[in-house]
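Raw contents of data-v7.json, JSON, C-alpha atoms:
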```
[["chain", "number", "residue", "atom", "x", "y", "z"],
["E", 1119, "MET", "CA", 0.00, 0.00, 0.00],
["E", 1120, "GLY", "CA", 1.45, 3.39, -1.02],
["E", 1121, "LYS", "CA", 1.72, 6.38, 1.24],
["E", 1122, "LYS", "CA", -1.69, 8.01, 1.31],
["E", 1123, "LYS", "CA", -1.81, 11.68, 0.56],
["E", 1124, "ARG", "CA", -1.78, 13.89, 3.57],
["E", 1125, "GLU", "CA", -5.12, 14.93, 4.95],
["E", 1126, "ARG", "CA", -5.93, 18.63, 4.93],
["E", 1127, "LEU", "CA", -5.53, 18.97, 8.71],
["E", 1128, "GLU", "CA", -2.14, 17.24, 8.58],
["E", 1129, "VAL", "CA", -0.97, 19.73, 5.96],
["E", 1130, "ILE", "CA", -2.16, 22.62, 8.11],
["E", 1131, "ARG", "CA", -0.41, 21.09, 11.14],
["E", 1132, "ASP", "CA", 2.83, 20.65, 9.15],
["E", 1133, "VAL", "CA", 2.77, 24.25, 7.90],
["E", 1134, "LEU", "CA", 2.05, 25.67, 11.36],
["E", 1135, "LYS", "CA", 4.62, 23.38, 13.00],
["E", 1136, "ALA", "CA", 7.31, 24.54, 10.56],
["E", 1137, "ILE", "CA", 6.54, 28.14, 11.49],
["E", 1138, "GLN", "CA", 6.57, 27.30, 15.20],
["E", 1139, "THR", "CA", 9.91, 25.49, 14.92],
["E", 1140, "LYS", "CA", 11.68, 28.21, 12.97],
["E", 1141, "LYS", "CA", 10.28, 31.50, 14.23],
["E", 1142, "ASN", "CA", 9.90, 34.09, 11.47],
["E", 1143, "ILE", "CA", 10.44, 31.60, 8.66],
["E", 1144, "LYS", "CA", 10.90, 32.88, 5.11],
["E", 1145, "PRO", "CA", 8.43, 31.89, 2.36],
["E", 1146, "THR", "CA", 10.88, 29.74, 0.38],
["E", 1147, "ARG", "CA", 12.00, 27.80, 3.45],
["E", 1148, "LEU", "CA", 8.37, 27.28, 4.49],
["E", 1149, "LEU", "CA", 7.49, 26.08, 0.99],
["E", 1150, "TYR", "CA", 10.21, 23.40, 1.21],
["E", 1151, "ALA", "CA", 9.22, 22.46, 4.76],
["E", 1152, "SER", "CA", 5.55, 22.13, 3.83],
["E", 1153, "ASN", "CA", 6.30, 19.78, 0.93],
["E", 1154, "LEU", "CA", 3.47, 21.26, -1.17],
["E", 1155, "SER", "CA", 3.35, 22.42, -4.76],
["E", 1156, "PRO", "CA", 3.78, 26.22, -5.04],
["E", 1157, "GLN", "CA", 0.09, 26.66, -5.95],
["E", 1158, "MET", "CA", -1.22, 24.55, -3.09],
["E", 1159, "PHE", "CA", 1.23, 26.27, -0.76],
["E", 1160, "LYS", "CA", -0.15, 29.66, -1.80],
["E", 1161, "ASP", "CA", -3.73, 28.48, -1.25],
["E", 1162, "TYR", "CA", -2.96, 27.14, 2.23],
["E", 1163, "ILE", "CA", -1.01, 30.24, 3.23],
["E", 1164, "ASN", "CA", -3.79, 32.54, 2.05],
["E", 1165, "GLU", "CA", -6.38, 30.55, 3.98],
["E", 1166, "LEU", "CA", -4.29, 30.35, 7.16],
["E", 1167, "VAL", "CA", -3.58, 34.08, 7.09],
["E", 1168, "GLU", "CA", -7.23, 34.87, 6.33],
["E", 1169, "LYS", "CA", -8.38, 32.68, 9.24],
["E", 1170, "LYS", "CA", -5.72, 34.24, 11.48],
["E", 1171, "PHE", "CA", -3.69, 31.11, 12.27],
["E", 1172, "MET", "CA", -0.54, 32.86, 11.06],
["E", 1173, "GLN", "CA", 0.56, 36.28, 9.91],
["E", 1174, "ILE", "CA", 2.87, 37.72, 7.33],
["E", 1175, "ASP", "CA", 5.53, 40.04, 8.71],
["E", 1176, "ILE", "CA", 7.46, 42.43, 6.49],
["E", 1177, "ASP", "CA", 10.71, 43.89, 7.79],
["E", 1178, "LYS", "CA", 12.44, 47.16, 6.95],
["E", 1179, "LYS", "CA", 14.11, 45.56, 3.93],
["E", 1180, "GLU", "CA", 10.72, 44.46, 2.55],
["E", 1181, "LYS", "CA", 11.59, 40.83, 3.39],
["E", 1182, "LYS", "CA", 8.60, 38.64, 4.15],
["E", 1183, "THR", "CA", 8.48, 36.14, 7.01],
["E", 1184, "PHE", "CA", 5.67, 34.18, 8.63],
["E", 1185, "SER", "CA", 4.82, 33.83, 12.31],
["E", 1186, "LEU", "CA", 2.11, 32.07, 14.28],
["E", 1187, "THR", "CA", -0.75, 33.86, 15.98],
["E", 1188, "LYS", "CA", -2.26, 32.73, 19.27],
["E", 1189, "LYS", "CA", -4.90, 30.88, 17.24],
["E", 1190, "GLY", "CA", -2.13, 29.02, 15.38],
["E", 1191, "TYR", "CA", -0.48, 27.96, 18.65],
["E", 1192, "ASP", "CA", -3.88, 26.92, 20.02],
["E", 1193, "PHE", "CA", -4.53, 24.80, 16.92],
["E", 1194, "LEU", "CA", -1.23, 22.94, 17.36],
["E", 1195, "GLN", "CA", -1.99, 22.37, 21.05],
["E", 1196, "GLU", "CA", -5.45, 20.97, 20.31],
["E", 1197, "TYR", "CA", -4.09, 18.88, 17.44],
["E", 1198, "LYS", "CA", -1.59, 17.28, 19.80],
["E", 1199, "THR", "CA", -4.44, 16.44, 22.18],
["E", 1200, "ILE", "CA", -6.32, 14.72, 19.33],
["E", 1201, "GLU", "CA", -3.17, 12.83, 18.25],
["E", 1202, "ASN", "CA", -2.67, 11.60, 21.83],
["E", 1203, "PHE", "CA", -6.33, 10.59, 22.06],
["E", 1204, "VAL", "CA", -6.13, 8.58, 18.82],
["E", 1205, "GLU", "CA", -2.85, 7.01, 19.90],
["E", 1206, "ASN", "CA", -4.19, 6.03, 23.33],
["E", 1207, "PHE", "CA", -7.03, 4.13, 21.69],
["E", 1208, "GLY", "CA", -4.74, 2.52, 19.14],
["E", 1209, "LEU", "CA", -6.56, 3.99, 16.13]]
```

Could you render the structure from this file as structure tokens?
Amino acid sequence: MGKKKRERLEVIRDVLKAIQTKKNIKPTRLLYASNLSPQMFKDYINELVEKKFMQIDIDKKEKKTFSLTKKGYDFLQEYKTIENFVENFGL
């Protein structure tokens, strides 16, 4: 059986986790870390910014980086709870 494609929530978790791990991550680095096509990456980023899970920061040199919002941190916390729950029941 081949590796099934990642579920939507797993992708969101991976993107947010990458941002959490490397504070103020640059777009290119996040694209590689997310393992998504550039178009899908753009769609996810737009949605996550729109829903306030993350924000785009622009420094004095016009360089873009991403950071998590409280909602993004909360999502990762809750996701971990769900993962533990599933694991504890052997699902």

Exercise for the section: Write out as a list in words the residues lying within 12 Å of Ile1200 in chain E, counting all atoms listed in the file and excluding same-chain residues fewer than 4 positions away. Expected result: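 Contacts, with the query itself left out: Leu1127, Glu1128, Arg1131, Phe1193, Leu1194, Gln1195, Glu1196, Val1204, Glu1205, Asn1206, Phe1207 and Leu1209 of chain E.
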
Handout entry: Residue contacts of Lys1160 in chain E (12 Å, all atoms listed in the file) excluding same-chain residues fewer than 6 positions away, as number ranges by chain
Key = E: 1133, 1145-1146, 1148-1149, 1152, 1154, 1166-1168

Find the residues near range 1174-1176 of chain E: any atom within 12 Å, counting only C-alpha atoms, skip ones fewer than 6 places away on the same chain, and give them as a tab-separated table (two decimals) with C-alpha atoms, in the coordinates of the input.
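What ended up in around_8.tsv:
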```
chain	number	residue	atom	x	y	z
E	1137	ILE	CA	6.54	28.14	11.49
E	1141	LYS	CA	10.28	31.50	14.23
E	1142	ASN	CA	9.90	34.09	11.47
E	1143	ILE	CA	10.44	31.60	8.66
E	1144	LYS	CA	10.90	32.88	5.11
E	1145	PRO	CA	8.43	31.89	2.36
E	1163	ILE	CA	-1.01	30.24	3.23
E	1164	ASN	CA	-3.79	32.54	2.05
E	1166	LEU	CA	-4.29	30.35	7.16
E	1167	VAL	CA	-3.58	34.08	7.09
E	1168	GLU	CA	-7.23	34.87	6.33
E	1182	LYS	CA	8.60	38.64	4.15
E	1183	THR	CA	8.48	36.14	7.01
E	1184	PHE	CA	5.67	34.18	8.63
E	1185	SER	CA	4.82	33.83	12.31
E	1186	LEU	CA	2.11	32.07	14.28
E	1187	THR	CA	-0.75	33.86	15.98
```

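For the pair CA of Lys1140 in chain E and CA of Met1158 in chain E, the separation is 20.9 Å.
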
Using the file's own x, y and z axes, so that the box edges lie along x, y and z, what centre and edge lengths in Å (one decimal) does a box around every listed atom of range 1183-1194 of chain E get when 3 Å is added on each side? Give it as AutoDock Vina command-line options.
```
--center_x 1.8 --center_y 29.5 --center_z 13.5 --size_x 19.4 --size_y 19.2 --size_z 19.0
```

Practice task
May I ask for the distance between CA of Lys1135 in chain E and CA of Ser1155 in chain E, given in Å to one decimal place?
Solution key: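 One can read the CA of Lys1135 in chain E to CA of Ser1155 in chain E distance as 17.8 Å.
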
Handout entry: Point-to-point distance in Å for CA of Phe1171 in chain E and CA of Lys1189 in chain E
Key =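 Here the two named atoms are 5.1 Å from each other.
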
Completion exercise
From the list E:Glu1201, E:Lys1188, E:Met1172, E:Gly1208, the nearest residue to Ile1130 in chain E using all atoms listed in the file is E:Met1172

Can you sort out range 1150-1184 of chain E so it carries N, CA and C atoms, written as an mmCIF file, in the frame of the given file?
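Done, and the output landed in result-v6.cif:
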```cif
data_model
loop_
_atom_site.group_PDB
_atom_site.id
_atom_site.type_symbol
_atom_site.label_atom_id
_atom_site.label_comp_id
_atom_site.auth_asym_id
_atom_site.auth_seq_id
_atom_site.Cartn_x
_atom_site.Cartn_y
_atom_site.Cartn_z
ATOM 1 N N TYR E 1150 9.482 24.685 1.162
ATOM 2 C CA TYR E 1150 10.210 23.400 1.210
ATOM 3 C C TYR E 1150 9.736 22.557 2.389
ATOM 4 N N ALA E 1151 9.618 23.185 3.548
ATOM 5 C CA ALA E 1151 9.220 22.460 4.760
ATOM 6 C C ALA E 1151 7.814 21.881 4.649
ATOM 7 N N SER E 1152 6.940 22.584 3.930
ATOM 8 C CA SER E 1152 5.550 22.130 3.830
ATOM 9 C C SER E 1152 5.370 20.987 2.835
ATOM 10 N N ASN E 1153 6.342 20.851 1.920
ATOM 11 C CA ASN E 1153 6.300 19.780 0.930
ATOM 12 C C ASN E 1153 5.037 19.840 0.062
ATOM 13 N N LEU E 1154 4.645 21.048 -0.315
ATOM 14 C CA LEU E 1154 3.470 21.260 -1.170
ATOM 15 C C LEU E 1154 3.924 21.852 -2.501
ATOM 16 N N SER E 1155 3.064 21.737 -3.496
ATOM 17 C CA SER E 1155 3.350 22.420 -4.760
ATOM 18 C C SER E 1155 3.201 23.924 -4.495
ATOM 19 N N PRO E 1156 3.885 24.767 -5.279
ATOM 20 C CA PRO E 1156 3.780 26.220 -5.040
ATOM 21 C C PRO E 1156 2.335 26.730 -5.028
ATOM 22 N N GLN E 1157 1.475 26.195 -5.909
ATOM 23 C CA GLN E 1157 0.090 26.660 -5.950
ATOM 24 C C GLN E 1157 -0.682 26.247 -4.700
ATOM 25 N N MET E 1158 -0.528 25.009 -4.312
ATOM 26 C CA MET E 1158 -1.220 24.550 -3.090
ATOM 27 C C MET E 1158 -0.702 25.297 -1.871
ATOM 28 N N PHE E 1159 0.604 25.526 -1.852
ATOM 29 C CA PHE E 1159 1.230 26.270 -0.760
ATOM 30 C C PHE E 1159 0.578 27.647 -0.633
ATOM 31 N N LYS E 1160 0.447 28.317 -1.775
ATOM 32 C CA LYS E 1160 -0.150 29.660 -1.800
ATOM 33 C C LYS E 1160 -1.588 29.617 -1.270
ATOM 34 N N ASP E 1161 -2.339 28.614 -1.698
ATOM 35 C CA ASP E 1161 -3.730 28.480 -1.250
ATOM 36 C C ASP E 1161 -3.802 28.283 0.261
ATOM 37 N N TYR E 1162 -2.964 27.396 0.780
ATOM 38 C CA TYR E 1162 -2.960 27.140 2.230
ATOM 39 C C TYR E 1162 -2.547 28.383 3.003
ATOM 40 N N ILE E 1163 -1.494 29.047 2.536
ATOM 41 C CA ILE E 1163 -1.010 30.240 3.230
ATOM 42 C C ILE E 1163 -2.101 31.317 3.262
ATOM 43 N N ASN E 1164 -2.723 31.544 2.113
ATOM 44 C CA ASN E 1164 -3.790 32.540 2.050
ATOM 45 C C ASN E 1164 -4.918 32.220 3.035
ATOM 46 N N GLU E 1165 -5.304 30.952 3.071
ATOM 47 C CA GLU E 1165 -6.380 30.550 3.980
ATOM 48 C C GLU E 1165 -5.968 30.710 5.436
ATOM 49 N N LEU E 1166 -4.746 30.288 5.763
ATOM 50 C CA LEU E 1166 -4.290 30.350 7.160
ATOM 51 C C LEU E 1166 -4.094 31.782 7.642
ATOM 52 N N VAL E 1167 -3.710 32.663 6.730
ATOM 53 C CA VAL E 1167 -3.580 34.080 7.090
ATOM 54 C C VAL E 1167 -4.981 34.679 7.265
ATOM 55 N N GLU E 1168 -5.853 34.370 6.310
ATOM 56 C CA GLU E 1168 -7.230 34.870 6.330
ATOM 57 C C GLU E 1168 -7.954 34.448 7.615
ATOM 58 N N LYS E 1169 -7.712 33.200 8.039
ATOM 59 C CA LYS E 1169 -8.380 32.680 9.240
ATOM 60 C C LYS E 1169 -7.587 32.970 10.506
ATOM 61 N N LYS E 1170 -6.532 33.744 10.358
ATOM 62 C CA LYS E 1170 -5.720 34.240 11.480
ATOM 63 C C LYS E 1170 -5.006 33.162 12.294
ATOM 64 N N PHE E 1171 -4.516 32.110 11.612
ATOM 65 C CA PHE E 1171 -3.690 31.110 12.270
ATOM 66 C C PHE E 1171 -2.224 31.534 12.214
ATOM 67 N N MET E 1172 -1.913 32.378 11.235
ATOM 68 C CA MET E 1172 -0.540 32.860 11.060
ATOM 69 C C MET E 1172 -0.615 34.258 10.473
ATOM 70 N N GLN E 1173 0.525 34.940 10.508
ATOM 71 C CA GLN E 1173 0.560 36.280 9.910
ATOM 72 C C GLN E 1173 1.810 36.453 9.085
ATOM 73 N N ILE E 1174 1.722 37.384 8.166
ATOM 74 C CA ILE E 1174 2.870 37.720 7.330
ATOM 75 C C ILE E 1174 3.503 38.971 7.922
ATOM 76 N N ASP E 1175 4.783 38.890 8.178
ATOM 77 C CA ASP E 1175 5.530 40.040 8.710
ATOM 78 C C ASP E 1175 6.472 40.542 7.633
ATOM 79 N N ILE E 1176 6.549 41.856 7.482
ATOM 80 C CA ILE E 1176 7.460 42.430 6.490
ATOM 81 C C ILE E 1176 8.420 43.359 7.217
ATOM 82 N N ASP E 1177 9.715 43.083 7.075
ATOM 83 C CA ASP E 1177 10.710 43.890 7.790
ATOM 84 C C ASP E 1177 11.076 45.153 7.011
ATOM 85 N N LYS E 1178 12.025 45.884 7.556
ATOM 86 C CA LYS E 1178 12.440 47.160 6.950
ATOM 87 C C LYS E 1178 12.969 46.985 5.536
ATOM 88 N N LYS E 1179 13.546 45.811 5.261
ATOM 89 C CA LYS E 1179 14.110 45.560 3.930
ATOM 90 C C LYS E 1179 13.081 44.940 2.978
ATOM 91 N N GLU E 1180 11.807 45.021 3.367
ATOM 92 C CA GLU E 1180 10.720 44.460 2.550
ATOM 93 C C GLU E 1180 10.774 42.937 2.464
ATOM 94 N N LYS E 1181 11.505 42.294 3.378
ATOM 95 C CA LYS E 1181 11.590 40.830 3.390
ATOM 96 C C LYS E 1181 10.388 40.284 4.157
ATOM 97 N N LYS E 1182 9.787 39.249 3.573
ATOM 98 C CA LYS E 1182 8.600 38.640 4.150
ATOM 99 C C LYS E 1182 8.974 37.438 5.023
ATOM 100 N N THR E 1183 8.363 37.345 6.193
ATOM 101 C CA THR E 1183 8.480 36.140 7.010
ATOM 102 C C THR E 1183 7.088 35.821 7.565
ATOM 103 N N PHE E 1184 6.935 34.600 8.057
ATOM 104 C CA PHE E 1184 5.670 34.180 8.630
ATOM 105 C C PHE E 1184 5.841 33.903 10.114
#
```
